[in-house]
Each structure stands twice: as C-alpha cells, then as structure tokens.
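Asker: Take a look at the following structure, please.
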Amino acid sequence: MLLVLPHLVGAPHLDGPEFTHPDPLAVETLISLHADFIVASALANLVFWGVLGLMSAWVLNRWVLKGIGRSA
C-alpha cells in the first residue's frame with residue numbers, strides 16, 4: 001500500500017534551477033557533469049542487461065535445454 005502512495009500524492013518537483021551557486025562556471029560544469037552521468041549510467045545499464053540476457057540465453061541453451069533433450 002505504501003508503494004502506491006507516491007504515485008497518488010505526486011513526487012516533488014523543482015521550480016527553480018537544478019544547481020545554485022554564485023559562480024556561473026561551476027553551475028555550467030555541474031550541469032555538464034549531470035548530463036554526462038546520465039549518459040554513462042544509461043550505457044552501463046545497456047551493457048549490463050545485454051550481457052546478462054546473452055549469458056542467460058547461453059546458459060539456458062547449453063545446460064537446461066540440452067539436459068531436457070538427454071532425459072527424453
């Protein structure tokens with residue numbers, strides 16, 4: 001029941017800038033770092049889930065399906 005609560009109430013959203021700092025160069029650097037982190041995280045997740053899927057298919061084909069063929 002508590003898992004549904006944020007969807008009913010709504011998550012808080014920022015109305016202002018994401019980063020506040022008096023130095024505009026620091027803000028620009030933080031925004032760039034934030035974007036780079038999102039891209040790097042997405043690519044790492046893509047590689048991880050791709051490798052996990054390929055390894056799962058290999059294990060299924062190698063051990064599970066061949067074991068079924070031998071026992072029949």
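As shown in the structure tokens, the chain order sets the letters A, B, ...; within each chain, residues go from 1, and ligands are also counted from 1 in the order they appear.
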Could you pull the residues within 10 Å of stretch 34-44 of chain A, counting only C-alpha atoms, minus those fewer than 6 positions along the same chain, as a PyMOL selection string?
Answerer: chain A and resi 18+28+50
Asker: Output N, CA and C atoms for every residue in that selection, as an mmCIF file, in the first residue's frame.
Answerer:
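So out-v2.cif came out as:
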data_model
loop_
_atom_site.group_PDB
_atom_site.id
_atom_site.type_symbol
_atom_site.label_atom_id
_atom_site.label_comp_id
_atom_site.auth_asym_id
_atom_site.auth_seq_id
_atom_site.Cartn_x
_atom_site.Cartn_y
_atom_site.Cartn_z
ATOM 1 N N GLU A 18 18.382 23.674 -11.197
ATOM 2 C CA GLU A 18 18.814 22.448 -10.528
ATOM 3 C C GLU A 18 19.974 22.700 -9.568
ATOM 4 N N GLU A 28 27.567 25.641 -14.768
ATOM 5 C CA GLU A 28 27.699 25.040 -16.101
ATOM 6 C C GLU A 28 28.424 23.703 -16.030
ATOM 7 N N GLY A 50 22.332 -6.283 -21.451
ATOM 8 C CA GLY A 50 22.612 -7.043 -22.667
ATOM 9 C C GLY A 50 23.462 -8.274 -22.380
#
Asker: Could you give me the residues within stretch 11-59 of chain A that DSSP places in helix (DSSP H, G or I), as a CSV table (one decimal) with C-alpha atoms, in the first residue's frame?
Answerer:
chain,number,residue,atom,x,y,z
A,24,PRO,CA,28.2,30.5,-13.3
A,25,LEU,CA,31.1,28.4,-14.5
A,26,ALA,CA,30.5,26.0,-11.5
A,27,VAL,CA,26.8,25.7,-12.5
A,28,GLU,CA,27.7,25.0,-16.1
A,29,THR,CA,30.2,22.4,-15.0
A,30,LEU,CA,27.7,20.7,-12.7
A,31,ILE,CA,25.0,20.7,-15.5
A,32,SER,CA,27.5,19.1,-17.9
A,33,LEU,CA,28.6,16.6,-15.3
A,34,HIS,CA,24.9,15.7,-14.6
A,35,ALA,CA,24.3,15.1,-18.3
A,36,ASP,CA,27.5,13.0,-18.7
A,37,PHE,CA,26.4,10.9,-15.6
A,38,ILE,CA,23.0,10.2,-17.2
A,39,VAL,CA,24.6,9.1,-20.5
A,40,ALA,CA,27.2,6.9,-18.7
A,41,SER,CA,24.6,5.3,-16.5
A,42,ALA,CA,22.3,4.5,-19.4
A,43,LEU,CA,25.2,3.0,-21.4
A,44,ALA,CA,26.4,0.9,-18.4
A,45,ASN,CA,22.9,-0.3,-17.8
A,46,LEU,CA,22.5,-1.2,-21.5
A,47,VAL,CA,25.7,-3.2,-21.5
A,48,PHE,CA,24.9,-4.9,-18.2
A,49,TRP,CA,21.4,-6.0,-19.2
A,50,GLY,CA,22.6,-7.0,-22.7
A,51,VAL,CA,25.4,-9.2,-21.2
A,52,LEU,CA,23.1,-10.6,-18.6
A,53,GLY,CA,20.5,-11.5,-21.3
A,54,LEU,CA,23.1,-13.1,-23.6
A,55,MET,CA,24.6,-15.1,-20.7
A,56,SER,CA,21.1,-16.3,-19.6
A,57,ALA,CA,20.3,-17.4,-23.1
A,58,TRP,CA,23.6,-19.2,-23.4
A,59,VAL,CA,23.1,-21.0,-20.0
